[in-house]
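**Student:** Here it is: the structure, laid out below.
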Amino acid sequence: MADQTRTAASWQDDARRDLVRSFGDRMAMFVRGEGAYLWDDEGTRYLDFLAGIAVDSLGHAHPAFVEAVSAQAARLAHVSNYFATPSQLALAARLKRLAGTGESGRVYFGNSGAEANEAAFKLARLHGGTDRPRILALTDAFHGRTMGSLALTGKPWMQEPFLPMAGGVEFIDSTAEALEAVIDDRVAALFVEPVKGEAGVLPLPEGYLRAVREITRRHGALLIIDEVQTGAGRTGEWFAFQHEGIRPDAITVAKGIGGGFPIGALITFDEASELFYPGTHGSTFGGNALATAVADAVLDEIERAGLVENARVRGAQVRDAVDAIGSDLVAGTRGLGLLVGIALTHPVAKAVVTAAQQHGLIVNAPNDTTIRIAPPLTIGDVEIDEFARLFGAALATVSDALLLENADDAAPTPTEAPA
Ligand code: PLP
């Protein structure tokens, strides 16, 4: 049981002493959630426009989620992959249908996005074996923190303390020309993050996926798309690759498909489905009855309630609302569906996040000049109106502080407008 007598100061001390230091100070202590709202240990309510970084697709404590967790926990939680369970097979069939794999598709279940990408890395190695030692990935893309997924992550500062990386990965810019310039028949796979979330919510250029699909196919390389953040309807399609009507060889998913329950998966298409053979990969927890029952219920609710369409419509509404605030601090918005980046004119994103929290709004800053918005897919007019009011207030707080600084002759350097 949690210690209910803790004070604000003491939980921060406990966190600093007892939790791994790879995360900074925790920003709040949350004790309850409902819909798009969170409550902290002092009873203060927050509008949650981060949703656990694009995880809580149905918001907090959604009845479909609660029912699935409790009913499946009471029935059967875990039996290992020596055995099948109905929920595992149901979720695999649903993911194949939603991804459009057809009969040829197969699903590997893990417990996180990084694990899904680890499986995808092994898939790439199995494809072509030593004849195809090269793997291509995109500069600035993020694929996870485990050693394999980190090797695929195009951020040298993240890799540096853990060198040497798993070999064979080369990074290229996100243009078809950059791919064309380096690809040959020794490339096993191209890994793509369709909206670079950690890099500042940067969507790939329009037409990029169609172009690289053609180039990778011509050279016999797999096209593997990391849908960990973009999947489960967040971008206004079930998966971001569907905006371009292509057929990848594999996608990885996690985050939003579990709605808060840890699960990840690799979904393969066509011949890529035949690469794994017995003994080549596995996970004790992966695909257990409880996780798959919950994810199946979450996806069922997203389908039933039309939340993919809602993500598309509400995403546009959120961006219009940000524009309508008319703040000098906002350079523009970008993104797909309900994965929105708000570009700032000054490197004050951390100050905006702090001010937003003080006004009762949770958002996130992937870098100094971007605010990331990834609310539950369930949001409607009420939440968006409240977001606009709170975010406008946060921007005004930071703007006022900047004006004061300017008055003190310490003008900050404006950043460039977003591409
Ligand atoms: N891939 C992408 C695109 C992500 O955004 C993330 C997490 O932020 C990951 C992979 C890693 O997922 P996880 O943190 O569940 O391991």
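We label chains A, B, ... in the order they appear in the structure tokens, count residues from 1 in each chain, and number ligands from 1 in the order shown.
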Would you kindly return, as a list in words, each protein, DNA or RNA residue with an atom no farther than 9 Å from any atom of stretch 79-83 of chain A, considering only C-alpha atoms and excluding same-chain residues fewer than 4 positions away?

**Tutor:** Gly282, Ser283, Thr284, Phe285, Gly286, Gly287, Asn288 and Ala289 of chain A

**Student:** Can you spit out the residues from that selection as a PDB file, in the first residue's frame, using all heavy atoms?

**Tutor:**
```pdb
ATOM      1  N   GLY A 282      11.445 -14.568 -28.697  1.00  0.00           N
ATOM      2  CA  GLY A 282      10.453 -14.930 -27.697  1.00  0.00           C
ATOM      3  C   GLY A 282      10.400 -13.933 -26.564  1.00  0.00           C
ATOM      4  O   GLY A 282      11.202 -12.994 -26.507  1.00  0.00           O
ATOM      5  N   SER A 283       9.425 -14.099 -25.690  1.00  0.00           N
ATOM      6  CA  SER A 283       9.233 -13.242 -24.526  1.00  0.00           C
ATOM      7  C   SER A 283       8.333 -13.978 -23.553  1.00  0.00           C
ATOM      8  O   SER A 283       7.312 -14.543 -23.964  1.00  0.00           O
ATOM      9  CB  SER A 283       8.570 -11.925 -24.964  1.00  0.00           C
ATOM     10  OG  SER A 283       7.937 -11.300 -23.874  1.00  0.00           O
ATOM     11  N   THR A 284       8.698 -13.973 -22.282  1.00  0.00           N
ATOM     12  CA  THR A 284       7.843 -14.665 -21.311  1.00  0.00           C
ATOM     13  C   THR A 284       6.474 -13.995 -21.207  1.00  0.00           C
ATOM     14  O   THR A 284       5.441 -14.629 -21.326  1.00  0.00           O
ATOM     15  CB  THR A 284       8.508 -14.673 -19.920  1.00  0.00           C
ATOM     16  OG1 THR A 284       9.714 -15.419 -20.002  1.00  0.00           O
ATOM     17  CG2 THR A 284       7.597 -15.310 -18.876  1.00  0.00           C
ATOM     18  N   PHE A 285       6.500 -12.675 -20.996  1.00  0.00           N
ATOM     19  CA  PHE A 285       5.230 -11.963 -20.795  1.00  0.00           C
ATOM     20  C   PHE A 285       4.495 -11.672 -22.105  1.00  0.00           C
ATOM     21  O   PHE A 285       3.283 -11.474 -22.115  1.00  0.00           O
ATOM     22  CB  PHE A 285       5.481 -10.621 -20.104  1.00  0.00           C
ATOM     23  CG  PHE A 285       5.875 -10.733 -18.659  1.00  0.00           C
ATOM     24  CD1 PHE A 285       7.002 -10.075 -18.181  1.00  0.00           C
ATOM     25  CD2 PHE A 285       5.111 -11.470 -17.775  1.00  0.00           C
ATOM     26  CE1 PHE A 285       7.364 -10.155 -16.852  1.00  0.00           C
ATOM     27  CE2 PHE A 285       5.461 -11.566 -16.438  1.00  0.00           C
ATOM     28  CZ  PHE A 285       6.596 -10.909 -15.970  1.00  0.00           C
ATOM     29  N   GLY A 286       5.248 -11.557 -23.201  1.00  0.00           N
ATOM     30  CA  GLY A 286       4.680 -11.048 -24.456  1.00  0.00           C
ATOM     31  C   GLY A 286       3.412 -11.771 -24.870  1.00  0.00           C
ATOM     32  O   GLY A 286       3.400 -12.992 -24.996  1.00  0.00           O
ATOM     33  N   GLY A 287       2.356 -11.014 -25.094  1.00  0.00           N
ATOM     34  CA  GLY A 287       1.099 -11.582 -25.587  1.00  0.00           C
ATOM     35  C   GLY A 287       0.321 -12.349 -24.547  1.00  0.00           C
ATOM     36  O   GLY A 287      -0.490 -13.219 -24.897  1.00  0.00           O
ATOM     37  N   ASN A 288       0.526 -12.037 -23.273  1.00  0.00           N
ATOM     38  CA  ASN A 288      -0.230 -12.825 -22.289  1.00  0.00           C
ATOM     39  C   ASN A 288      -1.711 -12.488 -22.329  1.00  0.00           C
ATOM     40  O   ASN A 288      -2.145 -11.505 -22.929  1.00  0.00           O
ATOM     41  CB  ASN A 288       0.409 -12.794 -20.892  1.00  0.00           C
ATOM     42  CG  ASN A 288       0.014 -11.608 -20.031  1.00  0.00           C
ATOM     43  OD1 ASN A 288      -0.911 -10.857 -20.338  1.00  0.00           O
ATOM     44  ND2 ASN A 288       0.731 -11.445 -18.933  1.00  0.00           N
ATOM     45  N   ALA A 289      -2.501 -13.337 -21.700  1.00  0.00           N
ATOM     46  CA  ALA A 289      -3.964 -13.247 -21.845  1.00  0.00           C
ATOM     47  C   ALA A 289      -4.493 -11.911 -21.353  1.00  0.00           C
ATOM     48  O   ALA A 289      -5.394 -11.319 -21.960  1.00  0.00           O
ATOM     49  CB  ALA A 289      -4.619 -14.394 -21.070  1.00  0.00           C
TER      50      ALA A 289
END
```

**Student:** What residues have any atom no more than 8 Å from ligand 1 when counting only C-alpha atoms and all ligand atoms, and can you list them as a PyMOL selection string?

**Tutor:** chain A and resi 53+111-117+141-146+149+193+195-198+226-230+254-255+262+264

**Student:** For A:Glu180, which residue out of A:Ala90, A:Ala166, A:Ile251, A:Ala211 is the nearest one, using only C-alpha atoms?

**Tutor:**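 Closest residue, counting only C-alpha atoms: A:Ala211.
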
**Student:** Please return, as a ChimeraX atom specification, all residues of stretch 62-204 of chain A that DSSP assigns to alpha helix (DSSP H) on the basis of the backbone.

**Tutor:** /A:63-75,86-99,113-126,147-151,156-159,176-182

**Student:** A:Arg106: which residues within 9 Å, counting only C-alpha atoms, same-chain residues fewer than 2 positions away excluded, as JSON, numbers by chain?

**Tutor:** {"A": [92, 93, 96, 101, 103, 104, 108, 266, 267, 268, 269, 270, 272, 273, 274]}

**Student:** Can you work out the spacing between atom CA of A:Pro248 and atom CA of A:Thr378 in Å, to one decimal?

**Tutor:**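 Straight-line distance from atom CA of A:Pro248 to atom CA of A:Thr378 works out to 28.3 Å.
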
**Student:** Can you list every residue of stretch 142-252 of chain A that has an atom at most 10 Å from stretch 335-341 of chain A, with its nearest atom pair and the distance in Å to one decimal, using only C-alpha atoms, ordered by chain then number, as JSON lines?

**Tutor:**
```
{"residue": "A:Pro194", "atom": "CA", "partner": "A:Leu336", "partner_atom": "CA", "distance": 9.8}
{"residue": "A:Val195", "atom": "CA", "partner": "A:Gly335", "partner_atom": "CA", "distance": 7.2}
{"residue": "A:Lys196", "atom": "CA", "partner": "A:Gly335", "partner_atom": "CA", "distance": 9.3}
{"residue": "A:Gly197", "atom": "CA", "partner": "A:Leu339", "partner_atom": "CA", "distance": 8.2}
{"residue": "A:Gly200", "atom": "CA", "partner": "A:Gly341", "partner_atom": "CA", "distance": 6.5}
{"residue": "A:Val201", "atom": "CA", "partner": "A:Gly341", "partner_atom": "CA", "distance": 5.1}
{"residue": "A:Leu202", "atom": "CA", "partner": "A:Gly335", "partner_atom": "CA", "distance": 6.5}
{"residue": "A:Pro203", "atom": "CA", "partner": "A:Gly335", "partner_atom": "CA", "distance": 5.9}
{"residue": "A:Leu204", "atom": "CA", "partner": "A:Gly335", "partner_atom": "CA", "distance": 9.5}
{"residue": "A:Gln229", "atom": "CA", "partner": "A:Leu339", "partner_atom": "CA", "distance": 8.6}
{"residue": "A:Thr230", "atom": "CA", "partner": "A:Leu339", "partner_atom": "CA", "distance": 7.6}
{"residue": "A:Gly233", "atom": "CA", "partner": "A:Gly337", "partner_atom": "CA", "distance": 8.5}
{"residue": "A:Arg234", "atom": "CA", "partner": "A:Leu338", "partner_atom": "CA", "distance": 5.6}
{"residue": "A:Thr235", "atom": "CA", "partner": "A:Gly337", "partner_atom": "CA", "distance": 4.0}
{"residue": "A:Gly236", "atom": "CA", "partner": "A:Gly337", "partner_atom": "CA", "distance": 4.9}
{"residue": "A:Glu237", "atom": "CA", "partner": "A:Gly337", "partner_atom": "CA", "distance": 8.3}
{"residue": "A:Ala240", "atom": "CA", "partner": "A:Leu336", "partner_atom": "CA", "distance": 8.3}
{"residue": "A:His243", "atom": "CA", "partner": "A:Leu336", "partner_atom": "CA", "distance": 9.7}
```
